[in-house]
>>> print(open('run12.tsv').read())   # TSV, C-alpha atoms and all ligand atoms
chain	number	residue	atom	x	y	z
A	15	MET	CA	-6.41	23.80	-31.17
A	16	ARG	CA	-6.24	24.17	-34.90
A	17	GLN	CA	-8.70	22.03	-36.77
A	18	GLU	CA	-6.11	19.84	-38.54
A	19	PHE	CA	-4.67	18.72	-35.20
A	20	ALA	CA	-8.12	17.83	-33.90
A	21	LEU	CA	-8.70	15.84	-37.11
A	22	ALA	CA	-5.28	14.21	-36.81
A	23	LEU	CA	-5.96	13.06	-33.23
A	24	GLN	CA	-9.21	11.48	-34.36
A	25	GLN	CA	-7.29	9.44	-36.93
A	26	LEU	CA	-5.03	7.76	-34.36
A	27	ASP	CA	-6.14	4.14	-34.48
A	28	GLY	CA	-3.02	2.19	-33.54
A	29	GLN	CA	-2.43	1.33	-37.22
A	30	LEU	CA	-1.51	4.52	-39.04
A	31	THR	CA	1.91	6.09	-38.42
A	32	LEU	CA	2.11	9.68	-37.26
A	33	MET	CA	3.56	10.61	-40.66
A	34	GLU	CA	0.62	9.02	-42.48
A	35	VAL	CA	-1.83	10.89	-40.25
A	36	SER	CA	0.10	14.10	-40.81
A	37	ASN	CA	0.00	13.62	-44.59
A	38	ARG	CA	-3.74	12.88	-44.55
A	39	THR	CA	-4.76	15.83	-42.41
A	40	GLY	CA	-2.15	18.48	-43.15
A	41	ALA	CA	-1.11	18.68	-39.50
A	42	ASP	CA	2.52	19.78	-39.26
A	43	LEU	CA	4.45	16.56	-38.44
A	44	GLU	CA	6.87	18.03	-35.92
A	45	HIS	CA	4.17	19.78	-33.91
A	46	PHE	CA	1.87	16.77	-34.19
A	47	GLN	CA	4.62	14.47	-32.84
A	48	ALA	CA	5.21	16.83	-29.89
A	49	LEU	CA	1.46	16.94	-29.16
A	50	VAL	CA	1.14	13.13	-29.31
A	51	HIS	CA	4.15	12.62	-27.02
A	52	ALA	CA	2.76	15.10	-24.50
A	53	LEU	CA	-0.66	13.40	-24.51
A	54	HIS	CA	0.99	9.99	-24.18
A	55	ALA	CA	3.15	11.12	-21.25
A	56	SER	CA	-0.01	12.50	-19.60
A	57	CYS	CA	-1.71	9.09	-20.00
A	58	ILE	CA	-4.40	10.56	-22.28
A	59	LEU	CA	-3.26	8.54	-25.29
A	60	GLU	CA	-2.29	4.89	-24.92
A	61	ASP	CA	-0.45	2.39	-27.10
A	62	ASP	CA	-2.71	0.08	-29.07
A	63	SER	CA	-0.52	-2.90	-28.14
A	64	PHE	CA	-1.04	-2.08	-24.45
A	65	ALA	CA	-4.80	-1.82	-24.90
A	66	GLN	CA	-4.91	-5.22	-26.59
A	67	TRP	CA	-2.64	-6.85	-24.01
A	68	ALA	CA	-4.60	-5.39	-21.09
A	69	ALA	CA	-7.93	-6.44	-22.59
A	70	GLN	CA	-6.81	-10.11	-22.53
A	71	SER	CA	-5.58	-10.01	-18.94
A	72	PRO	CA	-7.63	-10.96	-15.87
A	73	TRP	CA	-5.86	-7.96	-14.27
A	74	ARG	CA	-7.22	-5.54	-16.91
A	75	ARG	CA	-9.02	-3.31	-14.43
A	76	VAL	CA	-5.84	-2.94	-12.35
A	77	LEU	CA	-3.73	-2.37	-15.49
A	78	ASN	CA	-6.11	0.27	-16.80
A	79	PHE	CA	-6.11	1.95	-13.39
A	80	LEU	CA	-2.30	2.09	-13.42
A	81	GLY	CA	-2.52	3.41	-16.97
A	82	ASP	CA	-4.28	6.50	-15.63
A	83	TYR	CA	-1.03	7.49	-13.88
A	84	ILE	CA	1.73	5.70	-15.78
A	85	PRO	CA	2.11	6.02	-19.58
A	86	SER	CA	0.91	2.82	-21.21
A	87	ASN	CA	4.33	1.66	-22.46
A	88	ASP	CA	5.57	1.57	-18.83
A	89	VAL	CA	2.56	-0.15	-17.25
A	90	GLN	CA	3.71	-3.69	-17.98
A	91	ASP	CA	7.03	-3.13	-16.19
A	92	ALA	CA	5.32	-1.38	-13.28
A	93	PHE	CA	2.86	-4.27	-12.88
A	94	ALA	CA	5.78	-6.73	-13.00
A	95	ARG	CA	7.43	-4.84	-10.13
A	96	LEU	CA	4.18	-5.09	-8.17
A	97	SER	CA	3.90	-8.84	-8.90
A	98	ASP	CA	7.52	-9.54	-7.96
A	99	THR	CA	7.61	-7.56	-4.71
A	100	GLU	CA	7.51	-9.70	-1.61
A	101	VAL	CA	5.30	-8.11	1.03
A	102	ILE	CA	5.75	-9.26	4.60
A	103	VAL	CA	2.53	-8.80	6.57
A	104	LEU	CA	3.16	-8.75	10.30
A	105	GLY	CA	-0.07	-9.61	12.07
A	106	VAL	CA	-3.09	-10.91	10.14
A	107	GLY	CA	-5.90	-9.91	12.46
A	108	ALA	CA	-8.47	-7.27	11.60
A	109	VAL	CA	-6.19	-4.89	9.70
A	110	GLY	CA	-3.75	-7.50	8.38
A	111	SER	CA	-6.37	-9.83	6.89
A	112	TRP	CA	-7.98	-6.94	5.00
A	113	ALA	CA	-4.65	-5.49	3.86
A	114	ALA	CA	-3.29	-8.85	2.64
A	115	THR	CA	-6.51	-9.54	0.74
A	116	GLU	CA	-6.43	-6.13	-0.96
A	117	LEU	CA	-2.78	-6.60	-1.93
A	118	CYS	CA	-3.55	-10.03	-3.39
A	119	GLN	CA	-6.48	-8.58	-5.35
A	120	SER	CA	-4.26	-5.77	-6.65
A	121	GLY	CA	-1.63	-8.04	-8.16
A	122	VAL	CA	1.00	-8.36	-5.44
A	123	GLY	CA	2.36	-11.82	-6.23
A	124	ARG	CA	4.36	-12.75	-3.15
A	125	LEU	CA	3.15	-12.53	0.42
A	126	VAL	CA	4.62	-13.67	3.72
A	127	LEU	CA	2.01	-13.84	6.49
A	128	VAL	CA	3.32	-13.75	10.05
A	129	ASP	CA	1.07	-14.41	13.07
A	130	LYS	CA	1.06	-16.95	15.87
A	131	ASP	CA	-2.64	-16.73	16.75
A	132	THR	CA	-5.54	-18.99	15.86
A	133	VAL	CA	-8.94	-17.72	14.74
A	134	GLU	CA	-11.48	-17.17	17.53
A	135	THR	CA	-15.19	-16.45	17.17
A	136	SER	CA	-14.59	-13.02	18.73
A	137	ASN	CA	-12.33	-12.12	15.75
A	138	LEU	CA	-15.11	-12.56	13.18
A	139	ASN	CA	-16.68	-9.12	13.75
A	140	ARG	CA	-13.79	-7.34	12.07
A	141	SER	CA	-11.48	-9.70	10.19
A	142	LEU	CA	-11.91	-11.72	7.00
A	143	TYR	CA	-12.30	-15.13	8.65
A	144	THR	CA	-15.38	-17.31	8.88
A	145	GLN	CA	-16.85	-19.76	11.40
A	146	SER	CA	-15.19	-22.63	9.52
A	147	ASN	CA	-11.76	-21.06	10.25
A	148	VAL	CA	-12.24	-21.00	14.04
A	149	GLY	CA	-9.39	-22.93	15.66
A	150	GLN	CA	-7.17	-22.72	12.54
A	151	TYR	CA	-3.98	-20.69	12.51
A	152	LYS	CA	-4.86	-17.29	11.06
A	153	VAL	CA	-1.96	-17.44	8.61
A	154	ASP	CA	-3.11	-20.84	7.28
A	155	ALA	CA	-6.75	-19.77	6.92
A	156	LEU	CA	-5.74	-16.51	5.20
A	157	ALA	CA	-3.23	-18.21	2.89
A	158	GLN	CA	-5.97	-20.60	1.70
A	159	ARG	CA	-8.38	-17.73	1.16
A	160	LEU	CA	-5.82	-15.72	-0.83
A	161	GLN	CA	-4.91	-18.66	-3.04
A	162	ARG	CA	-8.57	-19.11	-3.86
A	163	ILE	CA	-8.50	-15.50	-5.10
A	164	ASN	CA	-5.22	-15.86	-7.02
A	165	PRO	CA	-3.92	-19.43	-7.49
A	166	GLN	CA	-0.61	-18.01	-8.82
A	167	LEU	CA	0.06	-16.18	-5.55
A	168	VAL	CA	3.21	-17.32	-3.76
A	169	VAL	CA	2.22	-17.18	-0.11
A	170	ARG	CA	4.27	-18.26	2.88
A	171	PRO	CA	2.36	-18.59	6.16
A	172	LEU	CA	4.59	-18.34	9.25
A	173	ARG	CA	2.99	-19.42	12.53
A	174	GLN	CA	5.14	-17.28	14.72
A	175	MET	CA	5.41	-13.90	16.38
A	176	MET	CA	8.20	-11.51	15.47
A	177	SER	CA	9.29	-10.89	19.00
A	178	ASP	CA	12.48	-9.00	18.24
A	179	SER	CA	14.18	-7.20	15.38
A	180	ASP	CA	16.71	-10.03	14.87
A	181	ASP	CA	13.89	-12.44	13.93
A	182	LEU	CA	12.59	-9.95	11.39
A	183	ALA	CA	16.11	-9.16	10.14
A	184	LYS	CA	16.58	-12.85	9.26
A	185	LEU	CA	13.32	-12.85	7.35
A	186	LEU	CA	14.34	-9.70	5.47
A	187	GLN	CA	17.65	-11.29	4.50
A	188	ASP	CA	15.77	-14.11	2.73
A	189	ALA	CA	13.25	-11.74	1.18
A	190	GLY	CA	15.75	-9.49	-0.57
A	191	PRO	CA	16.02	-5.71	-0.86
A	192	ALA	CA	12.87	-5.15	-2.89
A	193	SER	CA	10.62	-6.47	-0.14
A	194	ILE	CA	8.24	-4.27	1.86
A	195	VAL	CA	7.07	-4.77	5.44
A	196	ILE	CA	3.58	-3.82	6.52
A	197	ASN	CA	3.12	-3.68	10.26
A	198	CYS	CA	-0.39	-4.74	11.24
A	199	ALA	CA	0.67	-6.22	14.58
A	200	ASP	CA	-0.71	-4.51	17.66
A	201	SER	CA	0.50	-6.86	20.39
A	202	PRO	CA	1.82	-5.75	22.84
A	203	SER	CA	1.16	-2.38	21.09
A	204	VAL	CA	1.48	-0.78	17.65
A	205	ASP	CA	4.27	1.40	19.11
A	206	ALA	CA	6.26	-1.58	20.35
A	207	THR	CA	5.96	-3.54	17.12
A	208	SER	CA	6.73	-0.43	15.04
A	209	ALA	CA	9.96	0.17	17.01
A	210	MET	CA	10.95	-3.45	16.35
A	211	VAL	CA	10.08	-3.15	12.64
A	212	ASP	CA	12.05	0.09	12.38
A	213	ALA	CA	15.18	-1.47	13.89
A	214	ALA	CA	15.18	-4.37	11.42
A	215	CYS	CA	14.12	-2.37	8.35
A	216	GLN	CA	16.64	0.45	8.89
A	217	ARG	CA	19.42	-2.15	9.00
A	218	ALA	CA	18.19	-3.90	5.85
A	219	HIS	CA	17.16	-0.66	4.03
A	220	THR	CA	13.70	-2.14	3.60
A	221	ALA	CA	10.70	0.16	3.23
A	222	TYR	CA	7.93	-0.29	5.77
A	223	VAL	CA	4.36	0.87	6.23
A	224	ILE	CA	2.83	1.23	9.68
A	225	ALA	CA	-0.76	0.24	9.11
A	226	GLY	CA	-1.89	1.89	12.33
A	227	GLY	CA	-4.98	0.52	13.92
A	228	TYR	CA	-8.19	1.79	15.42
A	229	ASN	CA	-8.73	3.45	18.70
A	230	LEU	CA	-12.25	4.08	19.97
A	231	HIS	CA	-13.84	6.14	17.19
A	232	LEU	CA	-10.68	6.69	15.13
A	233	SER	CA	-8.97	4.74	12.36
A	234	LEU	CA	-5.27	5.46	12.75
A	235	ILE	CA	-3.33	5.65	9.51
A	236	GLY	CA	0.36	5.18	9.99
A	237	MET	CA	3.48	6.41	8.27
A	238	THR	CA	5.28	5.04	5.26
A	239	VAL	CA	9.01	4.90	5.94
A	240	LEU	CA	11.72	4.81	3.28
A	241	PRO	CA	14.91	4.17	5.29
A	242	GLY	CA	17.51	6.92	4.89
A	243	LYS	CA	15.10	9.06	2.86
A	244	SER	CA	12.14	9.85	5.10
A	245	ALA	CA	11.16	10.30	8.73
A	246	CYS	CA	11.16	7.01	10.61
A	247	TYR	CA	8.88	5.73	13.34
A	248	HIS	CA	11.08	7.36	16.01
A	249	CYS	CA	11.01	10.74	14.22
A	250	GLY	CA	7.22	10.50	14.30
A	251	ARG	CA	7.19	9.53	17.97
A	252	LEU	CA	9.40	12.53	18.88
A	253	THR	CA	7.11	14.95	17.05
A	254	LEU	CA	3.95	13.45	18.57
A	255	GLU	CA	5.46	13.59	22.07
A	256	ASN	CA	6.20	17.30	21.57
A	257	LEU	CA	2.69	17.97	20.27
A	258	GLN	CA	1.00	16.17	23.17
A	259	GLY	CA	3.47	16.95	25.93
A	260	ASP	CA	2.20	20.29	27.16
A	261	GLU	CA	-1.44	19.37	27.59
A	262	LEU	CA	-0.84	15.98	29.20
A	263	VAL	CA	1.70	16.87	31.85
A	264	GLY	CA	0.67	15.40	35.20
A	265	LEU	CA	-1.96	13.04	33.76
A	266	ARG	CA	-1.84	9.32	34.34
A	267	LYS	CA	-3.37	6.70	32.10
A	268	LEU	CA	-6.28	4.81	33.64
A	269	ALA	CA	-5.28	1.14	33.91
A	270	ARG	CA	-8.08	-1.23	32.90
A	271	PRO	CA	-6.21	-4.47	32.26
A	272	TRP	CA	-9.01	-6.81	31.07
A	273	ARG	CA	-10.93	-4.34	29.03
A	274	ASN	CA	-11.23	-5.15	25.33
A	275	ILE	CA	-10.91	-1.99	23.31
A	276	GLY	CA	-13.89	-1.28	21.05
A	277	ASN	CA	-13.58	-1.76	17.31
A	278	LEU	CA	-15.60	-1.92	14.14
A	279	ALA	CA	-14.85	-3.71	10.85
A	280	PRO	CA	-15.16	-0.57	8.64
A	281	LEU	CA	-12.59	1.26	10.77
A	282	ALA	CA	-10.14	-1.63	10.47
A	283	ALA	CA	-10.79	-1.79	6.73
A	284	ILE	CA	-10.12	1.95	6.30
A	285	THR	CA	-6.76	1.62	8.03
A	286	ALA	CA	-5.97	-1.48	5.96
A	287	SER	CA	-6.93	0.21	2.68
A	288	PHE	CA	-4.65	3.17	3.32
A	289	ALA	CA	-1.79	0.82	4.17
A	290	ALA	CA	-2.42	-1.37	1.10
A	291	ASN	CA	-2.45	1.73	-1.14
A	292	GLU	CA	0.90	2.74	0.30
A	293	VAL	CA	2.44	-0.71	-0.24
A	294	ILE	CA	1.23	-0.65	-3.85
A	295	ARG	CA	2.74	2.81	-4.41
A	296	VAL	CA	6.10	1.79	-2.91
A	297	ALA	CA	6.13	-1.50	-4.86
A	298	LEU	CA	5.35	0.26	-8.16
A	299	SER	CA	8.45	2.38	-7.58
A	300	ASP	CA	7.35	5.04	-10.06
A	301	SER	CA	7.83	8.74	-9.34
A	302	ARG	CA	4.41	9.46	-10.88
A	303	ILE	CA	2.68	7.58	-8.01
A	304	PRO	CA	4.85	8.21	-4.95
A	305	PRO	CA	3.75	7.02	-1.51
A	306	ALA	CA	1.45	9.60	0.10
A	307	MET	CA	2.01	8.88	3.79
A	308	VAL	CA	5.72	9.67	3.93
A	309	ASN	CA	6.47	12.11	6.80
A	310	ARG	CA	2.90	12.13	8.06
A	311	ARG	CA	0.15	10.11	9.68
A	312	GLY	CA	-3.59	10.37	9.62
A	313	GLU	CA	-6.78	9.73	11.52
A	314	PHE	CA	-10.24	8.99	10.21
A	315	ASN	CA	-12.94	10.10	12.61
A	316	PHE	CA	-15.95	7.79	12.72
A	317	LEU	CA	-18.26	10.42	14.23
A	318	THR	CA	-17.55	13.13	11.66
A	319	SER	CA	-16.21	11.07	8.70
A	320	GLU	CA	-13.37	13.57	8.55
A	321	MET	CA	-9.72	12.89	7.87
A	322	HIS	CA	-7.04	14.67	9.85
A	323	PHE	CA	-3.36	14.52	8.94
A	324	THR	CA	-0.37	15.37	11.12
A	325	SER	CA	2.96	16.26	9.58
A	326	LEU	CA	5.83	14.20	11.00
A	327	PRO	CA	9.03	15.57	9.45
A	328	PRO	CA	12.46	13.94	9.82
A	329	ARG	CA	14.02	14.86	13.19
A	330	PRO	CA	17.74	15.64	13.06
A	331	GLU	CA	18.23	14.37	16.65
A	332	CYS	CA	16.89	10.94	15.60
A	333	GLY	CA	19.87	10.38	13.34
A	334	CYS	CA	18.03	8.09	10.91
A	335	ILE	CA	18.90	10.27	7.91
A	336	SER	CA	22.62	10.84	7.66
A	401	ZN	ZN	14.13	8.93	12.54
>>> encode(input="run12.tsv", output="structure tokens")
Amino acid sequence: MRQEFALALQQLDGQLTLMEVSNRTGADLEHFQALVHALHASCILEDDSFAQWAAQSPWRRVLNFLGDYIPSNDVQDAFARLSDTEVIVLGVGAVGSWAATELCQSGVGRLVLVDKDTVETSNLNRSLYTQSNVGQYKVDALAQRLQRINPQLVVRPLRQMMSDSDDLAKLLQDAGPASIVINCADSPSVDATSAMVDAACQRAHTAYVIAGGYNLHLSLIGMTVLPGKSACYHCGRLTLENLQGDELVGLRKLARPWRNIGNLAPLAAITASFAANEVIRVALSDSRIPPAMVNRRGEFNFLTSEMHFTSLPPRPECGCIS
């Protein structure tokens, strides 16, 4: 870079105009303007007014993080989209309690918590409840916890189970089109609840994130589905059935009805963190930070600390993308 441009960049203090800097340093104005715009669009330069506004905000670390990806003059609008998005968390057990907490800490301003269960001592090894919550409805205990983190949070605890897609469809009608569903419910299974979520969300054109779960030594990281634009849960199921089909022909699953599957808090938290990141990306609705788990799912392996991703493209026979 020519020396006058380096000098000119050093003079940018939020007070001087580009023309004044150009006059002082001899940097050609037109080229200097192009350079400044390119650096601003790349989030290397930021507006002084943004820096001052962010510095006063309790959300400054989140705002500055967003400012690494989104040019500073757009961060305020992006954060407003995050604050205004209503996120419906289905299931607030191990994964759901972590995911809801991370969303609250990241600036999501409206949460609906859906779960019919009460806190038991056997939940405390992996979820964000304490002994004093035992016997309380999970949604009530979590709502209180989240409001202690952010008193401005609008949180609606629903002591119920979404047993079919019509129940969820009604909830989505109230929530509006900008809402996002995050499926952290694993009863009777993540597959069953994901099929239910898909049916309601496809009808309402609501984006959903399958949080996944944990299975023995794996954290499962589910798909992000943008109805009409990406592979849906059923597309993923079709691809996974094809991948597994050949090796598993003739095998039967061992039935062990009263066995509690093993789990570990860090594995639940990894799944939850991936899902929360995805919800944040969808809520920001900015092409510079698109969701990363569209058309794929992942696994984190506890034994090796490795991530493995499987591509799950849209399947024409599913019919979800017209
Ligand atoms: Zn599909």
>>> residues_near_point(input="run12.tsv", point="(-6.6, 18.2, -39.1)", cutoff="7 Å", atoms="all atoms listed in the file", output="ChimeraX atom specification")
/A:17-22,39-41
>>> residues_near_ligand(input="run12.tsv", ligand="ligand ZN 401 (chain A)", cutoff="10 Å", atoms="all atoms listed in the file", output="list of chain:residue names")
A:Asp212, A:Gln216, A:Val239, A:Pro241, A:Gly242, A:Lys243, A:Ser244, A:Ala245, A:Cys246, A:Tyr247, A:His248, A:Cys249, A:Gly250, A:Arg251, A:Leu252, A:Leu326, A:Pro327, A:Pro328, A:Arg329, A:Pro330, A:Glu331, A:Cys332, A:Gly333, A:Cys334, A:Ile335, A:Ser336
>>> closest_residue(input="run12.tsv", among="A:Asn315, A:Leu232, A:Asn291, A:Met307", to="Asn277 (chain A)", atoms="all atoms listed in the file")
A:Leu232
>>> residues_around(input="run12.tsv", residues="region 142-152 of chain A", least_positions_apart="3", cutoff="6 Å", atoms="all atoms listed in the file", output="PyMOL selection string")
chain A and resi 111+131-134+138+155-156
>>> residues_near_point(input="run12.tsv", point="(12.1, -12.9, 14.2)", cutoff="12 Å", atoms="all atoms listed in the file", output="MDAnalysis selection string")
chainID A and resid 104 128:130 172:187 207 210:211 213:214
>>> closest_residue(input="run12.tsv", among="A:Leu278, A:Cys215, A:Val195, A:Leu80", to="Glu292 (chain A)", atoms="only C-alpha atoms")
A:Val195
>>> residues_around(input="run12.tsv", residues="region 45-62 of chain A", least_positions_apart="5", cutoff="6 Å", atoms="all atoms listed in the file", output="MDAnalysis selection string")
chainID A and resid 28 82 85:86
>>> axis_aligned_box(input="run12.tsv", around="region 88-91 of chain A", padding_each_side="4 Å", output="AutoDock Vina command-line options")
--center_x 4.8 --center_y -1.1 --center_z -17.5 --size_x 12.5 --size_y 13.3 --size_z 10.6
>>> closest_residue(input="run12.tsv", among="A:Thr220, A:Asn137, A:Thr318, A:Ser120", to="Arg295 (chain A)", atoms="only C-alpha atoms")
A:Ser120
>>> atom_distance(input="run12.tsv", atom1="CA of Gln166 (chain A)", atom2="CA of Gly123 (chain A)")
7.3 Å
>>> atom_distance(input="run12.tsv", atom1="CA of Ala113 (chain A)", atom2="CA of Gln70 (chain A)")
26.9 Å
>>> atom_distance(input="run12.tsv", atom1="CA of Gly227 (chain A)", atom2="CA of Ala282 (chain A)")
6.6 Å
>>> closest_residue(input="run12.tsv", among="A:Gln161, A:Ser208, A:Asn197, A:Ser63", to="Val109 (chain A)", atoms="all atoms listed in the file")
A:Asn197
>>> closest_residue(input="run12.tsv", among="A:Ser203, A:Asn37, A:Ser193, A:Ser287", to="Ser233 (chain A)", atoms="all atoms listed in the file")
A:Ser287
>>> closest_residue(input="run12.tsv", among="A:Leu281, A:Ala206, A:Leu254, A:Val169", to="Ala157 (chain A)", atoms="all atoms listed in the file")
A:Val169
>>> residues_around(input="run12.tsv", residues="Ser325 (chain A)", least_positions_apart="3", cutoff="7 Å", atoms="only C-alpha atoms", output="number ranges by chain")
A: 309-311
>>> residues_around(input="run12.tsv", residues="Ile224 (chain A)", least_positions_apart="4", cutoff="8 Å", atoms="only C-alpha atoms", output="PDB file with C-alpha atoms, in the coordinates of the input")
ATOM      1  CA  ILE A 196       3.580  -3.820   6.520  1.00  0.00           C
ATOM      2  CA  ASN A 197       3.120  -3.680  10.260  1.00  0.00           C
ATOM      3  CA  CYS A 198      -0.390  -4.740  11.240  1.00  0.00           C
ATOM      4  CA  SER A 208       6.730  -0.430  15.040  1.00  0.00           C
ATOM      5  CA  ILE A 235      -3.330   5.650   9.510  1.00  0.00           C
ATOM      6  CA  GLY A 236       0.360   5.180   9.990  1.00  0.00           C
ATOM      7  CA  MET A 237       3.480   6.410   8.270  1.00  0.00           C
ATOM      8  CA  THR A 238       5.280   5.040   5.260  1.00  0.00           C
ATOM      9  CA  ALA A 289      -1.790   0.820   4.170  1.00  0.00           C
TER      10      ALA A 289
END
